[in-house]
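Q: What follows is start-v1.cif, mmCIF, N, CA and C atoms.
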data_model
loop_
_atom_site.label_atom_id
_atom_site.label_comp_id
_atom_site.auth_asym_id
_atom_site.auth_seq_id
_atom_site.Cartn_x
_atom_site.Cartn_y
_atom_site.Cartn_z
N MET A 1 38.00 9.67 41.72
CA MET A 1 36.98 9.48 40.73
C MET A 1 36.59 8.01 40.72
N THR A 2 35.29 7.74 40.66
CA THR A 2 34.80 6.36 40.61
C THR A 2 34.23 6.07 39.23
N THR A 3 34.28 4.83 38.87
CA THR A 3 33.71 4.40 37.58
C THR A 3 32.64 3.36 37.84
N ALA A 4 31.71 3.30 36.94
CA ALA A 4 30.63 2.32 37.06
C ALA A 4 31.18 0.93 36.79
N ALA A 5 30.66 -0.03 37.53
CA ALA A 5 31.08 -1.42 37.33
C ALA A 5 30.61 -1.91 35.96
N ALA A 6 31.43 -2.71 35.34
CA ALA A 6 31.07 -3.27 34.04
C ALA A 6 29.89 -4.22 34.19
N GLN A 7 28.99 -4.16 33.25
CA GLN A 7 27.83 -5.05 33.28
C GLN A 7 28.23 -6.44 32.81
N PRO A 8 27.81 -7.48 33.51
CA PRO A 8 28.14 -8.83 33.06
C PRO A 8 27.38 -9.15 31.76
N PRO A 9 27.95 -9.98 30.90
CA PRO A 9 27.25 -10.33 29.67
C PRO A 9 25.95 -11.07 29.98
N ARG A 10 24.96 -10.83 29.17
CA ARG A 10 23.66 -11.48 29.36
C ARG A 10 23.59 -12.73 28.50
N ASP A 11 23.08 -13.78 29.05
CA ASP A 11 22.93 -15.02 28.31
C ASP A 11 21.44 -15.22 28.03
N ARG A 12 20.98 -14.66 26.92
CA ARG A 12 19.56 -14.73 26.58
C ARG A 12 19.41 -15.41 25.23
N ALA A 13 18.30 -16.07 25.03
CA ALA A 13 18.03 -16.71 23.74
C ALA A 13 17.85 -15.66 22.66
N LEU A 14 17.19 -14.55 23.00
CA LEU A 14 17.02 -13.48 22.03
C LEU A 14 18.31 -12.68 21.94
N GLY A 15 18.60 -12.18 20.76
CA GLY A 15 19.76 -11.34 20.60
C GLY A 15 21.04 -12.09 20.27
N ARG A 16 20.97 -13.38 20.07
CA ARG A 16 22.17 -14.14 19.75
C ARG A 16 22.45 -14.18 18.26
N GLY A 17 21.64 -13.51 17.47
CA GLY A 17 21.88 -13.50 16.03
C GLY A 17 20.89 -14.37 15.29
N ILE A 18 20.89 -14.18 13.99
CA ILE A 18 19.92 -14.92 13.19
C ILE A 18 20.28 -16.39 13.02
N THR A 19 21.51 -16.76 13.35
CA THR A 19 21.89 -18.16 13.17
C THR A 19 21.02 -19.09 14.01
N THR A 20 20.48 -18.60 15.11
CA THR A 20 19.60 -19.43 15.92
C THR A 20 18.26 -19.67 15.23
N LEU A 21 17.92 -18.84 14.25
CA LEU A 21 16.65 -18.99 13.54
C LEU A 21 16.78 -19.83 12.27
N ILE A 22 18.00 -20.11 11.85
CA ILE A 22 18.23 -20.84 10.60
C ILE A 22 18.28 -22.33 10.90
N PRO A 23 17.51 -23.12 10.16
CA PRO A 23 17.54 -24.57 10.38
C PRO A 23 18.96 -25.10 10.18
N GLN A 24 19.48 -25.82 11.15
CA GLN A 24 20.84 -26.35 11.07
C GLN A 24 20.87 -27.85 10.81
N ALA A 25 19.73 -28.50 10.78
CA ALA A 25 19.69 -29.94 10.57
C ALA A 25 20.26 -30.30 9.21
N ALA A 26 20.87 -31.47 9.15
CA ALA A 26 21.46 -31.92 7.89
C ALA A 26 20.41 -32.07 6.79
N THR A 27 19.15 -32.23 7.19
CA THR A 27 18.09 -32.41 6.20
C THR A 27 17.56 -31.09 5.65
N ALA A 28 17.94 -29.96 6.25
CA ALA A 28 17.48 -28.66 5.77
C ALA A 28 18.19 -28.33 4.46
N THR A 29 17.41 -28.01 3.45
CA THR A 29 17.98 -27.68 2.15
C THR A 29 18.49 -26.24 2.15
N PRO A 30 19.35 -25.90 1.20
CA PRO A 30 19.78 -24.50 1.10
C PRO A 30 18.60 -23.55 0.93
N ALA A 31 17.59 -23.97 0.18
CA ALA A 31 16.41 -23.12 -0.02
C ALA A 31 15.68 -22.90 1.30
N GLU A 32 15.58 -23.93 2.14
CA GLU A 32 14.92 -23.78 3.44
C GLU A 32 15.72 -22.87 4.37
N ARG A 33 17.04 -23.02 4.35
CA ARG A 33 17.87 -22.15 5.17
C ARG A 33 17.78 -20.71 4.69
N ALA A 34 17.78 -20.52 3.37
CA ALA A 34 17.67 -19.17 2.81
C ALA A 34 16.34 -18.53 3.19
N ALA A 35 15.26 -19.31 3.11
CA ALA A 35 13.94 -18.79 3.47
C ALA A 35 13.91 -18.34 4.93
N ALA A 36 14.56 -19.09 5.80
CA ALA A 36 14.61 -18.72 7.22
C ALA A 36 15.39 -17.42 7.40
N VAL A 37 16.49 -17.28 6.69
CA VAL A 37 17.29 -16.05 6.79
C VAL A 37 16.48 -14.87 6.29
N LEU A 38 15.80 -15.03 5.16
CA LEU A 38 15.00 -13.94 4.61
C LEU A 38 13.92 -13.50 5.58
N THR A 39 13.30 -14.44 6.23
CA THR A 39 12.27 -14.12 7.21
C THR A 39 12.87 -13.30 8.35
N ALA A 40 14.03 -13.71 8.82
CA ALA A 40 14.66 -13.01 9.94
C ALA A 40 15.21 -11.65 9.54
N MET A 41 15.58 -11.47 8.29
CA MET A 41 16.28 -10.26 7.85
C MET A 41 15.38 -9.21 7.19
N GLN A 42 14.09 -9.41 7.19
CA GLN A 42 13.20 -8.51 6.46
C GLN A 42 13.31 -7.05 6.88
N SER A 43 13.63 -6.77 8.11
CA SER A 43 13.68 -5.37 8.56
C SER A 43 15.09 -4.88 8.86
N VAL A 44 16.11 -5.60 8.40
CA VAL A 44 17.49 -5.21 8.66
C VAL A 44 18.00 -4.33 7.53
N PRO A 45 18.55 -3.15 7.83
CA PRO A 45 19.06 -2.27 6.77
C PRO A 45 20.32 -2.86 6.13
N VAL A 46 20.39 -2.77 4.80
CA VAL A 46 21.52 -3.27 4.02
C VAL A 46 21.83 -2.24 2.93
N ARG A 47 23.08 -2.10 2.57
CA ARG A 47 23.47 -1.17 1.51
C ARG A 47 22.90 -1.63 0.16
N VAL A 48 22.45 -0.67 -0.64
CA VAL A 48 21.81 -0.96 -1.91
C VAL A 48 22.75 -1.73 -2.85
N GLY A 49 24.01 -1.42 -2.86
CA GLY A 49 24.96 -2.12 -3.72
C GLY A 49 25.03 -3.61 -3.44
N VAL A 50 24.90 -3.98 -2.18
CA VAL A 50 24.90 -5.40 -1.80
C VAL A 50 23.65 -6.08 -2.38
N LEU A 51 22.52 -5.39 -2.29
CA LEU A 51 21.28 -5.94 -2.83
C LEU A 51 21.35 -6.10 -4.34
N GLN A 52 21.90 -5.10 -5.00
CA GLN A 52 22.02 -5.17 -6.46
C GLN A 52 22.93 -6.31 -6.90
N ALA A 53 24.03 -6.52 -6.21
CA ALA A 53 24.93 -7.63 -6.52
C ALA A 53 24.23 -8.97 -6.31
N ALA A 54 23.47 -9.07 -5.23
CA ALA A 54 22.75 -10.32 -4.96
C ALA A 54 21.71 -10.60 -6.04
N VAL A 55 21.04 -9.56 -6.53
CA VAL A 55 20.06 -9.73 -7.61
C VAL A 55 20.72 -10.33 -8.84
N VAL A 56 21.85 -9.78 -9.22
CA VAL A 56 22.56 -10.29 -10.42
C VAL A 56 22.91 -11.76 -10.25
N LEU A 57 23.47 -12.12 -9.11
CA LEU A 57 23.85 -13.51 -8.88
C LEU A 57 22.64 -14.45 -8.85
N LEU A 58 21.59 -14.02 -8.18
CA LEU A 58 20.41 -14.87 -8.07
C LEU A 58 19.65 -15.00 -9.39
N GLU A 59 19.64 -13.95 -10.19
CA GLU A 59 18.99 -14.06 -11.50
C GLU A 59 19.69 -15.11 -12.35
N GLU A 60 20.99 -15.21 -12.22
CA GLU A 60 21.72 -16.24 -12.95
C GLU A 60 21.34 -17.63 -12.44
N ARG A 61 21.16 -17.77 -11.13
CA ARG A 61 20.73 -19.07 -10.58
C ARG A 61 19.35 -19.45 -11.09
N VAL A 62 18.46 -18.47 -11.21
CA VAL A 62 17.11 -18.74 -11.73
C VAL A 62 17.22 -19.31 -13.14
N ARG A 63 18.11 -18.73 -13.95
CA ARG A 63 18.28 -19.20 -15.33
C ARG A 63 19.00 -20.54 -15.40
N ALA A 64 19.96 -20.77 -14.51
CA ALA A 64 20.86 -21.91 -14.66
C ALA A 64 20.39 -23.20 -13.98
N THR A 65 19.65 -23.09 -12.90
CA THR A 65 19.32 -24.30 -12.14
C THR A 65 18.14 -25.05 -12.74
N GLU A 66 18.21 -26.34 -12.58
CA GLU A 66 17.08 -27.19 -12.98
C GLU A 66 16.24 -27.59 -11.77
N ASP A 67 16.71 -27.27 -10.59
CA ASP A 67 16.01 -27.58 -9.35
C ASP A 67 14.86 -26.59 -9.18
N VAL A 68 13.65 -27.11 -9.21
CA VAL A 68 12.46 -26.26 -9.15
C VAL A 68 12.39 -25.47 -7.83
N ALA A 69 12.71 -26.13 -6.72
CA ALA A 69 12.66 -25.44 -5.42
C ALA A 69 13.71 -24.33 -5.35
N GLU A 70 14.90 -24.61 -5.87
CA GLU A 70 15.95 -23.59 -5.87
C GLU A 70 15.56 -22.42 -6.76
N ARG A 71 15.00 -22.73 -7.92
CA ARG A 71 14.57 -21.67 -8.84
C ARG A 71 13.52 -20.80 -8.19
N ALA A 72 12.55 -21.42 -7.53
CA ALA A 72 11.48 -20.67 -6.87
C ALA A 72 12.04 -19.80 -5.74
N ALA A 73 12.94 -20.36 -4.93
CA ALA A 73 13.52 -19.60 -3.83
C ALA A 73 14.34 -18.42 -4.35
N ALA A 74 15.11 -18.66 -5.41
CA ALA A 74 15.92 -17.58 -5.99
C ALA A 74 15.03 -16.50 -6.58
N ALA A 75 13.98 -16.90 -7.29
CA ALA A 75 13.08 -15.92 -7.90
C ALA A 75 12.35 -15.10 -6.83
N THR A 76 11.93 -15.75 -5.77
CA THR A 76 11.29 -15.03 -4.66
C THR A 76 12.26 -14.05 -4.01
N THR A 77 13.48 -14.49 -3.83
CA THR A 77 14.50 -13.63 -3.24
C THR A 77 14.78 -12.43 -4.12
N VAL A 78 14.87 -12.65 -5.43
CA VAL A 78 15.09 -11.55 -6.38
C VAL A 78 13.96 -10.53 -6.26
N ALA A 79 12.73 -11.02 -6.20
CA ALA A 79 11.59 -10.11 -6.08
C ALA A 79 11.66 -9.31 -4.79
N MET A 80 12.02 -9.96 -3.69
CA MET A 80 12.13 -9.26 -2.40
C MET A 80 13.25 -8.22 -2.45
N LEU A 81 14.37 -8.58 -3.06
CA LEU A 81 15.49 -7.65 -3.16
C LEU A 81 15.12 -6.44 -4.01
N ARG A 82 14.48 -6.68 -5.15
CA ARG A 82 14.05 -5.57 -6.00
C ARG A 82 13.08 -4.65 -5.28
N SER A 83 12.19 -5.23 -4.50
CA SER A 83 11.25 -4.45 -3.71
C SER A 83 11.99 -3.58 -2.69
N ALA A 84 12.97 -4.19 -2.01
CA ALA A 84 13.75 -3.44 -1.03
C ALA A 84 14.55 -2.33 -1.69
N ILE A 85 15.09 -2.60 -2.85
CA ILE A 85 15.84 -1.57 -3.58
C ILE A 85 14.91 -0.43 -3.95
N GLY A 86 13.70 -0.76 -4.42
CA GLY A 86 12.72 0.27 -4.79
C GLY A 86 12.30 1.13 -3.62
N ARG A 87 12.16 0.54 -2.44
CA ARG A 87 11.77 1.31 -1.24
C ARG A 87 12.91 2.17 -0.74
N GLY A 88 14.14 1.70 -0.93
CA GLY A 88 15.29 2.42 -0.41
C GLY A 88 15.74 3.57 -1.30
N GLY A 89 15.38 3.52 -2.56
CA GLY A 89 15.86 4.54 -3.49
C GLY A 89 14.96 5.70 -3.54
#
Please rewrite the model in this file as structure tokens.

A:
Amino acid sequence: MTTAAAQPPRDRALGRGITTLIPQAATATPAERAAAVLTAMQSVPVRVGVLQAAVVLLEERVRATEDVAERAAAATTVAMLRSAIGRGG
């Protein structure tokens, strides 16, 4: 009996994960990194419970932070999560 030879791993820029899309520079703010992740993850399936937990945590950040950019990013993320929850249910 013969077996097929194992395929060598491919070294491609695509398919290496979303970390390649997230700004890694020291000057990138958490809000900028989060925005990059959200852009990359828009079509990735996630369990509803994870989304609901994230909504609760981010709503608290919206209330607690004084950073306008962080508040805006958190509020936008909450809206996107609620939308995804609504489509999935």

Q: Measuring atom to atom with only C-alpha atoms, identify which of A:Arg87, A:Leu58, A:Pro30, A:Ala35 is nearest to Ala74 in chain A.

A: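 Of all the options, A:Leu58 lies closest to Ala74 in chain A.
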
Q: Separation of CA of Val55 in chain A and CA of Val78 in chain A, in Å?

A: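 Computed distance, CA of Val55 in chain A to CA of Val78 in chain A, equals 5.4 Å.
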
Q: For CA of Pro45 in chain A and CA of Ile85 in chain A, determine how far apart the two atoms are, in Å to one decimal place.

A: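 Computed distance, CA of Pro45 in chain A to CA of Ile85 in chain A, equals 10.9 Å.
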
Q: Which is closer to Thr29 in chain A than all the others in A:Ser83, A:Glu59, A:Ala69, A:Val48, using only C-alpha atoms?

A: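 Smallest separation from Thr29 in chain A among the options: A:Ala69.
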
Q: Work out how far CA of Val68 in chain A is from CA of Gly86 in chain A, in Å to one decimal.

A: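 Computing the Euclidean distance for CA of Gly86 in chain A and CA of Val68 in chain A yields 26.9 Å.
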